[in-house]
$ cat entry.txt   # compact mmCIF, C-alpha atoms
# COMPACT_ATOMS: atom_id res chain seq x y z
CA MET I 1 -13.16 -8.75 -16.69
CA VAL I 2 -11.45 -7.48 -19.82
CA GLY I 3 -8.64 -9.23 -21.62
CA PRO I 4 -5.91 -10.10 -22.19
CA ARG I 5 -5.33 -11.19 -18.60
CA ARG I 6 -2.63 -9.17 -16.86
CA PRO I 7 -0.94 -9.28 -13.47
CA VAL I 8 -3.06 -7.49 -10.87
CA ILE I 9 -1.62 -5.10 -8.29
CA VAL I 10 -4.05 -4.18 -5.49
CA LEU I 11 -3.63 -1.13 -3.24
CA PHE I 12 -5.34 -1.94 0.07
CA GLY I 13 -5.59 0.51 2.94
CA SER I 14 -7.16 3.57 4.50
CA SER I 15 -7.43 7.12 3.14
CA ILE I 16 -3.74 7.24 2.19
CA VAL I 17 -4.76 4.57 -0.34
CA GLN I 18 -8.25 5.86 -1.15
CA TYR I 19 -6.93 9.28 -2.16
CA SER I 20 -3.94 7.88 -4.06
CA PHE I 21 -5.74 8.00 -7.42
CA GLY I 22 -6.24 11.76 -7.13
CA HIS I 23 -4.25 14.22 -9.22
CA GLY I 24 -0.56 13.54 -8.69
CA GLY I 25 -1.32 10.68 -6.27
CA TRP I 26 1.00 7.73 -5.87
CA GLY I 27 -1.63 5.20 -6.98
CA ALA I 28 -2.26 7.14 -10.18
CA ILE I 29 1.47 7.27 -10.87
CA LEU I 30 1.77 3.51 -10.39
CA ALA I 31 -1.20 2.93 -12.71
CA HIS I 32 0.53 5.07 -15.33
CA LEU I 33 3.84 3.20 -14.96
CA TYR I 34 2.09 -0.15 -15.36
CA SER I 35 -0.44 1.05 -17.94
CA ARG I 36 0.50 -1.65 -20.48
CA GLN I 37 1.92 -4.25 -18.11
CA ALA I 38 -0.49 -4.75 -15.18
CA ASP I 39 -3.81 -3.61 -13.74
CA VAL I 40 -3.55 -1.44 -10.63
CA VAL I 41 -6.72 -1.84 -8.55
CA LEU I 42 -7.78 0.48 -5.72
CA ARG I 43 -9.27 -0.82 -2.48
CA GLY I 44 -8.96 2.19 -0.16
CA TYR I 45 -11.26 2.93 2.76
CA GLY I 46 -10.91 6.31 4.42
CA GLY I 47 -11.17 6.26 8.21
CA TRP I 48 -10.46 2.54 8.53
CA ASN I 49 -7.98 0.88 10.84
CA SER I 50 -6.35 -2.55 10.84
CA ARG I 51 -9.15 -4.03 12.98
CA GLN I 52 -11.78 -3.19 10.37
CA ALA I 53 -9.52 -4.32 7.53
CA LEU I 54 -9.04 -7.73 9.12
CA GLN I 55 -12.80 -8.23 9.33
CA VAL I 56 -13.43 -7.68 5.60
CA LEU I 57 -10.49 -9.58 4.14
CA PRO I 58 -12.58 -12.50 2.79
CA THR I 59 -14.91 -10.04 1.06
CA VAL I 60 -12.20 -7.86 -0.46
CA PHE I 61 -9.95 -10.83 -1.30
CA PRO I 62 -12.15 -13.91 -1.88
CA LYS I 63 -10.23 -17.14 -2.17
CA LEU I 64 -10.42 -19.44 -5.18
CA CYS I 65 -13.54 -21.52 -5.60
CA THR I 66 -14.25 -24.48 -7.82
CA ASP I 67 -16.37 -22.83 -10.49
CA GLN I 68 -15.13 -21.07 -13.60
CA ASP I 69 -15.97 -17.66 -12.16
CA ALA I 70 -13.22 -17.95 -9.55
CA PRO I 71 -11.53 -14.60 -8.92
CA VAL I 72 -8.18 -13.71 -10.42
CA GLN I 73 -5.77 -13.54 -7.49
CA PRO I 74 -3.46 -10.53 -7.29
CA SER I 75 0.21 -10.80 -8.08
CA LEU I 76 0.99 -8.06 -5.56
CA VAL I 77 -0.92 -6.37 -2.75
CA ILE I 78 0.43 -3.13 -1.29
CA VAL I 79 -0.98 -2.73 2.24
CA TYR I 80 -1.20 0.44 4.30
CA PHE I 81 -2.88 0.80 7.69
CA GLY I 82 -1.52 2.58 10.72
CA GLY I 83 -2.32 6.26 10.64
CA ASN I 84 -5.78 5.76 12.13
CA ASP I 85 -4.61 2.98 14.45
CA SER I 86 -1.99 5.31 15.92
CA SER I 87 -4.45 8.11 16.72
CA THR I 88 -4.80 9.01 20.39
CA PRO I 89 -7.56 7.04 22.17
CA LEU I 90 -10.53 9.13 23.33
CA PRO I 91 -12.18 8.84 26.77
CA ASP I 92 -15.50 7.67 25.30
CA GLY I 93 -13.79 4.87 23.39
CA LEU I 94 -15.19 6.08 20.06
CA SER I 95 -11.96 6.55 18.17
CA TYR I 96 -9.88 5.08 15.37
CA HIS I 97 -7.26 3.93 17.85
CA VAL I 98 -6.01 0.33 17.94
CA PRO I 99 -3.47 -0.60 20.64
CA LEU I 100 0.05 -1.11 19.31
CA SER I 101 0.27 -4.83 20.10
CA GLU I 102 -3.10 -5.51 18.47
CA TYR I 103 -2.14 -3.41 15.43
CA LYS I 104 1.02 -5.44 14.94
CA GLU I 105 -0.87 -8.74 15.16
CA ASN I 106 -3.65 -7.47 12.87
CA MET I 107 -1.10 -6.54 10.22
CA ARG I 108 0.53 -9.95 10.55
CA GLN I 109 -2.82 -11.68 10.02
CA ILE I 110 -3.64 -9.42 7.07
CA GLY I 111 -0.31 -10.27 5.47
CA LEU I 112 -0.63 -14.01 6.03
CA TYR I 113 -4.17 -14.08 4.66
CA ILE I 114 -3.21 -12.18 1.51
CA ARG I 115 -0.14 -14.35 1.02
CA SER I 116 -2.38 -17.44 1.21
CA LEU I 117 -4.41 -16.32 -1.82
CA SER I 118 -1.96 -18.00 -4.19
CA GLU I 119 1.62 -19.19 -4.42
CA MET I 120 2.39 -16.20 -6.63
CA THR I 121 0.83 -13.45 -4.46
CA ARG I 122 3.38 -11.04 -2.97
CA VAL I 123 2.87 -8.44 -0.24
CA ILE I 124 4.47 -5.04 0.35
CA PHE I 125 3.63 -3.21 3.57
CA LEU I 126 3.87 0.57 3.79
CA SER I 127 4.74 1.67 7.31
CA CYS I 128 3.06 4.61 9.01
CA PRO I 129 4.47 7.94 7.74
CA PRO I 130 5.16 10.97 9.95
CA ILE I 131 2.64 13.79 10.32
CA ASN I 132 2.81 17.56 10.64
CA GLU I 133 0.99 18.10 13.92
CA LYS I 134 0.64 21.85 13.30
CA MET I 135 -1.51 21.24 10.21
CA ILE I 136 -3.87 18.49 11.34
CA ASP I 137 -7.46 18.76 12.50
CA LYS I 138 -7.29 18.75 16.30
CA SER I 139 -10.64 16.91 16.54
CA VAL I 140 -8.77 13.68 15.79
CA PRO I 141 -5.67 13.89 18.02
CA ARG I 142 -2.53 12.32 16.60
CA THR I 143 1.12 12.60 17.53
CA TYR I 144 4.35 12.34 15.62
CA GLU I 145 5.77 9.98 18.26
CA ALA I 146 2.86 7.54 17.94
CA CYS I 147 3.27 7.43 14.16
CA ARG I 148 6.93 6.53 14.65
CA ASP I 149 6.04 3.74 17.09
CA TYR I 150 3.45 2.23 14.73
CA SER I 151 5.85 2.53 11.82
CA ASN I 152 8.49 0.60 13.76
CA ALA I 153 5.94 -2.04 14.73
CA CYS I 154 4.94 -2.60 11.10
CA ILE I 155 8.58 -2.86 10.02
CA GLU I 156 9.38 -5.28 12.82
CA MET I 157 6.35 -7.44 12.00
CA CYS I 158 7.21 -7.65 8.31
CA ASN I 159 10.86 -8.41 8.99
CA GLU I 160 9.72 -11.33 11.12
CA LEU I 161 7.59 -12.66 8.26
CA SER I 162 10.25 -12.11 5.60
CA ARG I 163 12.84 -14.18 7.48
CA THR I 164 11.01 -17.30 6.34
CA ASP I 165 9.13 -15.99 3.29
CA PRO I 166 10.75 -13.53 0.85
CA SER I 167 7.31 -12.79 -0.60
CA PHE I 168 6.95 -10.11 2.11
CA LYS I 169 8.62 -6.72 1.91
CA VAL I 170 8.19 -3.51 3.88
CA ILE I 171 8.84 0.13 3.03
CA ASP I 172 9.85 2.48 5.83
CA LEU I 173 7.70 5.45 4.85
CA PHE I 174 8.45 7.27 8.09
CA ASN I 175 12.13 7.69 7.29
CA ALA I 176 11.60 7.98 3.54
CA ILE I 177 9.37 11.04 3.99
CA GLU I 178 11.67 12.61 6.57
CA LYS I 179 14.61 12.46 4.16
CA CYS I 180 12.82 15.04 2.00
CA HIS I 181 14.01 18.61 2.50
CA ASP I 182 11.32 20.66 4.27
CA TRP I 183 9.10 17.59 4.48
CA THR I 184 6.78 19.19 7.03
CA ASP I 185 5.88 21.91 4.53
CA THR I 186 6.01 20.06 1.22
CA CYS I 187 4.76 16.52 1.81
CA PHE I 188 1.23 17.03 3.11
CA LEU I 189 -2.07 18.54 2.07
CA ASP I 190 -3.46 18.67 5.60
CA GLY I 191 -0.69 17.35 7.84
CA ILE I 192 -1.66 13.72 7.15
CA HIS I 193 -2.53 13.08 3.49
CA PHE I 194 0.14 13.19 0.81
CA SER I 195 0.99 15.98 -1.58
CA SER I 196 2.40 15.19 -5.02
CA VAL I 197 5.88 15.56 -3.51
CA ALA I 198 5.23 12.80 -1.00
CA SER I 199 3.51 10.66 -3.64
CA ASP I 200 6.65 10.80 -5.78
CA ILE I 201 8.63 9.56 -2.78
CA VAL I 202 6.17 6.70 -2.18
CA VAL I 203 6.32 5.59 -5.81
CA GLY I 204 10.11 5.74 -5.81
CA GLU I 205 10.25 3.50 -2.74
CA ILE I 206 7.73 1.03 -4.17
CA VAL I 207 9.51 0.77 -7.52
CA LYS I 208 12.83 0.29 -5.74
CA ALA I 209 11.40 -2.45 -3.53
CA ILE I 210 9.89 -4.30 -6.49
CA SER I 211 13.02 -3.98 -8.62
CA GLU I 212 15.23 -5.32 -5.80
CA ALA I 213 12.91 -8.18 -4.86
CA LYS I 214 14.09 -11.58 -6.02
CA TRP I 215 10.62 -12.61 -7.10
CA GLU I 216 10.02 -15.00 -9.97
CA PRO I 217 8.53 -13.81 -12.17
CA SER I 218 9.65 -10.24 -11.63
CA LEU I 219 6.92 -7.66 -11.08
CA TYR I 220 9.12 -4.69 -11.96
CA PHE I 221 7.35 -2.74 -14.71
CA GLY I 222 10.50 -2.66 -16.83
CA ASP I 223 10.68 -6.47 -16.82
CA LEU I 224 7.03 -7.21 -17.61
CA PRO I 225 5.98 -7.68 -21.23
CA THR I 226 4.24 -4.75 -22.88
CA GLU I 227 0.74 -5.62 -23.99
CA PHE I 228 0.31 -5.39 -27.78
CA GLU I 229 3.64 -4.15 -29.05
CA GLU I 230 3.53 -1.58 -31.84
CA MET I 231 1.88 -3.78 -34.48
CA CYS I 232 0.10 -1.06 -36.49
CA PRO I 233 2.39 1.84 -37.33
CA VAL I 234 0.56 5.09 -37.99
CA ARG I 235 0.60 6.25 -41.58
CA PRO I 236 2.08 9.70 -42.15
CA ILE I 237 -0.41 12.46 -42.88
CA ASN I 238 -0.15 13.73 -46.46
$ encode --input "entry.txt" --output "structure tokens"
Amino acid sequence: MVGPRRPVIVLFGSSIVQYSFGHGGWGAILAHLYSRQADVVLRGYGGWNSRQALQVLPTVFPKLCTDQDAPVQPSLVIVYFGGNDSSTPLPDGLSYHVPLSEYKENMRQIGLYIRSLSEMTRVIFLSCPPINEKMIDKSVPRTYEACRDYSNACIEMCNELSRTDPSFKVIDLFNAIEKCHDWTDTCFLDGIHFSSVASDIVVGEIVKAISEAKWEPSLYFGDLPTEFEEMCPVRPIN
């Protein structure tokens, strides 16, 4: 731990999250935006689905204990699972697939657990984005229609939670990506993972969601205090 203590924003999800700190990735852009306001922490696990994520929650997000080494609980967790869950089930059963009803309940339990970390912990879900089927590796079959169904399930689940707790918000990535002109050609590296174009869209949606949230205190980067204001002006070079 380094100080001073800042708000912590955790990105939790599958490869869409794991790769987000790459060049031009949405996680890297968020870290840059919050560079003097909050710590953006990556917890991305390529190939994972919501079933696996649910199993490791206590390890990734340990709850407070009584000793002085208790973990600092995040102010915000941005959660993405769904792309692997929505993949087509294989006959041998060895696939990423999680049935839609189970996926929805897994995401609900993930959200409720994270929310229970502290009174001040907020949660933003990212719904499943579309894919470009022509680009993807056919060894892991996925369909555009399944992505849409899992996106809708995530949105529906979060809307149910947010009716009683405004700490939950959801971003409809499926429709946000599709609003981009020529999205099938510009938004993906391989038909699934995001290009810099798509990452810009993701960041825009996240910043909008945070800025519009009626959270106290605000987590919008423009509202957070800047760490160490300009206290030591640079002397001009003679």
$ closest_atom_pairs --input "entry.txt" --of "range 10-94 of chain I" --to "range 181-192 of chain I" --cutoff "12 Å" --atoms "all atoms listed in the file" --output "Markdown table"
| residue | atom | partner | partner_atom | distance |
| --- | --- | --- | --- | --- |
| I:Ser14 | CA | I:Ile192 | CA | 11.8 |
| I:Ser15 | CA | I:Ile192 | CA | 9.6 |
| I:Ile16 | CA | I:Ile192 | CA | 8.4 |
| I:Tyr19 | CA | I:Leu189 | CA | 11.3 |
| I:Gly24 | CA | I:Leu189 | CA | 12.0 |
| I:Gly25 | CA | I:Leu189 | CA | 11.5 |
| I:Gly82 | CA | I:Ile192 | CA | 11.7 |
| I:Gly83 | CA | I:Ile192 | CA | 8.3 |
| I:Asn84 | CA | I:Ile192 | CA | 10.3 |
| I:Ser87 | CA | I:Ile192 | CA | 11.4 |
$ residues_around --input "entry.txt" --residues "range 27-37 of chain I" --least-positions-apart "6" --cutoff "12 Å" --atoms "only C-alpha atoms" --output "ChimeraX atom specification"
/I:3-13,15-21,43-44,78,194,196-207,210,218-230
$ closest_atom_pairs --input "entry.txt" --of "range 144-194 of chain I" --to "range 92-110 of chain I" --cutoff "10 Å" --atoms "only C-alpha atoms" --output "CSV"
residue,atom,partner,partner_atom,distance
I:Ala146,CA,I:Leu100,CA,9.2
I:Asp149,CA,I:Leu100,CA,8.0
I:Tyr150,CA,I:Leu100,CA,6.6
I:Ser151,CA,I:Lys104,CA,9.8
I:Asn152,CA,I:Lys104,CA,9.7
I:Ala153,CA,I:Lys104,CA,6.0
I:Cys154,CA,I:Lys104,CA,6.2
I:Ile155,CA,I:Lys104,CA,9.4
I:Glu156,CA,I:Lys104,CA,8.6
I:Met157,CA,I:Lys104,CA,6.4
I:Cys158,CA,I:Arg108,CA,7.4
I:Glu160,CA,I:Arg108,CA,9.3
I:Leu161,CA,I:Arg108,CA,7.9
$ closest_residue --input "entry.txt" --among "I:Ser162, I:Ser50, I:Ser211, I:Thr121" --to "Pro74 in chain I" --atoms "only C-alpha atoms"
I:Thr121
$ residues_around --input "entry.txt" --residues "Pro58 in chain I" --least-positions-apart "3" --cutoff "12 Å" --atoms "all atoms listed in the file" --output "ChimeraX atom specification"
/I:53-55,61-64,71,110,113-114,116-117
$ atom_distance --input "entry.txt" --atom1 "CA of Gln73 in chain I" --atom2 "CA of Gly22 in chain I"
25.3 Å
$ atom_distance --input "entry.txt" --atom1 "CA of Lys214 in chain I" --atom2 "CA of Asp39 in chain I"
21.1 Å
$ closest_residue --input "entry.txt" --among "I:Gly47, I:Pro129, I:Pro141, I:Pro217" --to "Asp172 in chain I" --atoms "all atoms listed in the file"
I:Pro129
$ closest_residue --input "entry.txt" --among "I:Ile136, I:Val56, I:Leu90, I:Val40" --to "Val77 in chain I" --atoms "only C-alpha atoms"
I:Val40
$ build_atoms --input "entry.txt" --residues "range 51-86 of chain I" --atoms "N, CA and C atoms" --output "PDB file, in the coordinates of the input"
ATOM      1  N   ARG I  51      -8.110  -3.164  12.422  1.00  0.00           N
ATOM      2  CA  ARG I  51      -9.150  -4.030  12.980  1.00  0.00           C
ATOM      3  C   ARG I  51     -10.288  -4.202  11.980  1.00  0.00           C
ATOM      4  N   GLN I  52     -10.716  -3.112  11.374  1.00  0.00           N
ATOM      5  CA  GLN I  52     -11.780  -3.190  10.370  1.00  0.00           C
ATOM      6  C   GLN I  52     -11.302  -3.923   9.127  1.00  0.00           C
ATOM      7  N   ALA I  53     -10.061  -3.668   8.725  1.00  0.00           N
ATOM      8  CA  ALA I  53      -9.520  -4.320   7.530  1.00  0.00           C
ATOM      9  C   ALA I  53      -9.490  -5.828   7.693  1.00  0.00           C
ATOM     10  N   LEU I  54      -9.111  -6.292   8.864  1.00  0.00           N
ATOM     11  CA  LEU I  54      -9.040  -7.730   9.120  1.00  0.00           C
ATOM     12  C   LEU I  54     -10.408  -8.379   8.980  1.00  0.00           C
ATOM     13  N   GLN I  55     -11.456  -7.676   9.356  1.00  0.00           N
ATOM     14  CA  GLN I  55     -12.800  -8.230   9.330  1.00  0.00           C
ATOM     15  C   GLN I  55     -13.333  -8.418   7.908  1.00  0.00           C
ATOM     16  N   VAL I  56     -12.869  -7.605   6.959  1.00  0.00           N
ATOM     17  CA  VAL I  56     -13.430  -7.680   5.600  1.00  0.00           C
ATOM     18  C   VAL I  56     -12.525  -8.383   4.600  1.00  0.00           C
ATOM     19  N   LEU I  57     -11.427  -8.944   5.062  1.00  0.00           N
ATOM     20  CA  LEU I  57     -10.490  -9.580   4.140  1.00  0.00           C
ATOM     21  C   LEU I  57     -11.149 -10.605   3.208  1.00  0.00           C
ATOM     22  N   PRO I  58     -11.988 -11.512   3.709  1.00  0.00           N
ATOM     23  CA  PRO I  58     -12.580 -12.500   2.790  1.00  0.00           C
ATOM     24  C   PRO I  58     -13.496 -11.891   1.742  1.00  0.00           C
ATOM     25  N   THR I  59     -14.049 -10.712   2.030  1.00  0.00           N
ATOM     26  CA  THR I  59     -14.910 -10.040   1.060  1.00  0.00           C
ATOM     27  C   THR I  59     -14.085  -9.305   0.014  1.00  0.00           C
ATOM     28  N   VAL I  60     -13.047  -8.614   0.462  1.00  0.00           N
ATOM     29  CA  VAL I  60     -12.200  -7.860  -0.460  1.00  0.00           C
ATOM     30  C   VAL I  60     -11.310  -8.791  -1.274  1.00  0.00           C
ATOM     31  N   PHE I  61     -10.850  -9.873  -0.642  1.00  0.00           N
ATOM     32  CA  PHE I  61      -9.950 -10.830  -1.300  1.00  0.00           C
ATOM     33  C   PHE I  61     -10.528 -12.241  -1.180  1.00  0.00           C
ATOM     34  N   PRO I  62     -11.579 -12.562  -1.947  1.00  0.00           N
ATOM     35  CA  PRO I  62     -12.150 -13.910  -1.880  1.00  0.00           C
ATOM     36  C   PRO I  62     -11.156 -14.945  -2.390  1.00  0.00           C
ATOM     37  N   LYS I  63     -11.141 -16.087  -1.744  1.00  0.00           N
ATOM     38  CA  LYS I  63     -10.230 -17.140  -2.170  1.00  0.00           C
ATOM     39  C   LYS I  63     -10.831 -17.914  -3.335  1.00  0.00           C
ATOM     40  N   LEU I  64      -9.985 -18.697  -3.998  1.00  0.00           N
ATOM     41  CA  LEU I  64     -10.420 -19.440  -5.180  1.00  0.00           C
ATOM     42  C   LEU I  64     -11.527 -20.408  -4.830  1.00  0.00           C
ATOM     43  N   CYS I  65     -12.484 -20.525  -5.744  1.00  0.00           N
ATOM     44  CA  CYS I  65     -13.540 -21.520  -5.600  1.00  0.00           C
ATOM     45  C   CYS I  65     -13.454 -22.489  -6.759  1.00  0.00           C
ATOM     46  N   THR I  66     -14.376 -23.406  -6.830  1.00  0.00           N
ATOM     47  CA  THR I  66     -14.250 -24.480  -7.820  1.00  0.00           C
ATOM     48  C   THR I  66     -14.871 -24.146  -9.164  1.00  0.00           C
ATOM     49  N   ASP I  67     -15.715 -23.106  -9.215  1.00  0.00           N
ATOM     50  CA  ASP I  67     -16.370 -22.830 -10.490  1.00  0.00           C
ATOM     51  C   ASP I  67     -15.495 -21.958 -11.392  1.00  0.00           C
ATOM     52  N   GLN I  68     -15.936 -21.780 -12.613  1.00  0.00           N
ATOM     53  CA  GLN I  68     -15.130 -21.070 -13.600  1.00  0.00           C
ATOM     54  C   GLN I  68     -15.116 -19.562 -13.369  1.00  0.00           C
ATOM     55  N   ASP I  69     -15.947 -19.087 -12.470  1.00  0.00           N
ATOM     56  CA  ASP I  69     -15.970 -17.660 -12.160  1.00  0.00           C
ATOM     57  C   ASP I  69     -15.058 -17.313 -10.987  1.00  0.00           C
ATOM     58  N   ALA I  70     -14.144 -18.201 -10.655  1.00  0.00           N
ATOM     59  CA  ALA I  70     -13.220 -17.950  -9.550  1.00  0.00           C
ATOM     60  C   ALA I  70     -12.446 -16.663  -9.789  1.00  0.00           C
ATOM     61  N   PRO I  71     -12.211 -15.887  -8.741  1.00  0.00           N
ATOM     62  CA  PRO I  71     -11.530 -14.600  -8.920  1.00  0.00           C
ATOM     63  C   PRO I  71     -10.079 -14.757  -9.346  1.00  0.00           C
ATOM     64  N   VAL I  72      -9.585 -13.758 -10.075  1.00  0.00           N
ATOM     65  CA  VAL I  72      -8.180 -13.710 -10.420  1.00  0.00           C
ATOM     66  C   VAL I  72      -7.422 -13.194  -9.196  1.00  0.00           C
ATOM     67  N   GLN I  73      -6.481 -13.952  -8.694  1.00  0.00           N
ATOM     68  CA  GLN I  73      -5.770 -13.540  -7.490  1.00  0.00           C
ATOM     69  C   GLN I  73      -4.668 -12.541  -7.851  1.00  0.00           C
ATOM     70  N   PRO I  74      -4.456 -11.556  -6.993  1.00  0.00           N
ATOM     71  CA  PRO I  74      -3.460 -10.530  -7.290  1.00  0.00           C
ATOM     72  C   PRO I  74      -2.044 -11.077  -7.268  1.00  0.00           C
ATOM     73  N   SER I  75      -1.212 -10.483  -8.103  1.00  0.00           N
ATOM     74  CA  SER I  75       0.210 -10.800  -8.080  1.00  0.00           C
ATOM     75  C   SER I  75       0.906 -10.068  -6.940  1.00  0.00           C
ATOM     76  N   LEU I  76       0.386  -8.878  -6.610  1.00  0.00           N
ATOM     77  CA  LEU I  76       0.990  -8.060  -5.560  1.00  0.00           C
ATOM     78  C   LEU I  76      -0.113  -7.275  -4.865  1.00  0.00           C
ATOM     79  N   VAL I  77      -0.047  -7.233  -3.527  1.00  0.00           N
ATOM     80  CA  VAL I  77      -0.920  -6.370  -2.750  1.00  0.00           C
ATOM     81  C   VAL I  77      -0.041  -5.433  -1.920  1.00  0.00           C
ATOM     82  N   ILE I  78      -0.272  -4.141  -2.069  1.00  0.00           N
ATOM     83  CA  ILE I  78       0.430  -3.130  -1.290  1.00  0.00           C
ATOM     84  C   ILE I  78      -0.507  -2.692  -0.175  1.00  0.00           C
ATOM     85  N   VAL I  79      -0.100  -2.902   1.080  1.00  0.00           N
ATOM     86  CA  VAL I  79      -0.980  -2.730   2.240  1.00  0.00           C
ATOM     87  C   VAL I  79      -0.530  -1.539   3.072  1.00  0.00           C
ATOM     88  N   TYR I  80      -1.477  -0.651   3.361  1.00  0.00           N
ATOM     89  CA  TYR I  80      -1.200   0.440   4.300  1.00  0.00           C
ATOM     90  C   TYR I  80      -2.334   0.621   5.297  1.00  0.00           C
ATOM     91  N   PHE I  81      -2.042   0.381   6.561  1.00  0.00           N
ATOM     92  CA  PHE I  81      -2.880   0.800   7.690  1.00  0.00           C
ATOM     93  C   PHE I  81      -1.931   1.221   8.800  1.00  0.00           C
ATOM     94  N   GLY I  82      -2.371   2.148   9.616  1.00  0.00           N
ATOM     95  CA  GLY I  82      -1.520   2.580  10.720  1.00  0.00           C
ATOM     96  C   GLY I  82      -1.773   3.983  11.193  1.00  0.00           C
ATOM     97  N   GLY I  83      -2.077   4.876  10.257  1.00  0.00           N
ATOM     98  CA  GLY I  83      -2.320   6.260  10.640  1.00  0.00           C
ATOM     99  C   GLY I  83      -3.508   6.391  11.580  1.00  0.00           C
ATOM    100  N   ASN I  84      -4.609   5.707  11.257  1.00  0.00           N
ATOM    101  CA  ASN I  84      -5.780   5.760  12.130  1.00  0.00           C
ATOM    102  C   ASN I  84      -5.562   4.953  13.405  1.00  0.00           C
ATOM    103  N   ASP I  85      -4.909   3.805  13.270  1.00  0.00           N
ATOM    104  CA  ASP I  85      -4.610   2.980  14.450  1.00  0.00           C
ATOM    105  C   ASP I  85      -3.811   3.764  15.483  1.00  0.00           C
ATOM    106  N   SER I  86      -2.901   4.611  15.017  1.00  0.00           N
ATOM    107  CA  SER I  86      -1.990   5.310  15.920  1.00  0.00           C
ATOM    108  C   SER I  86      -2.594   6.571  16.537  1.00  0.00           C
TER     109      SER I  86
END
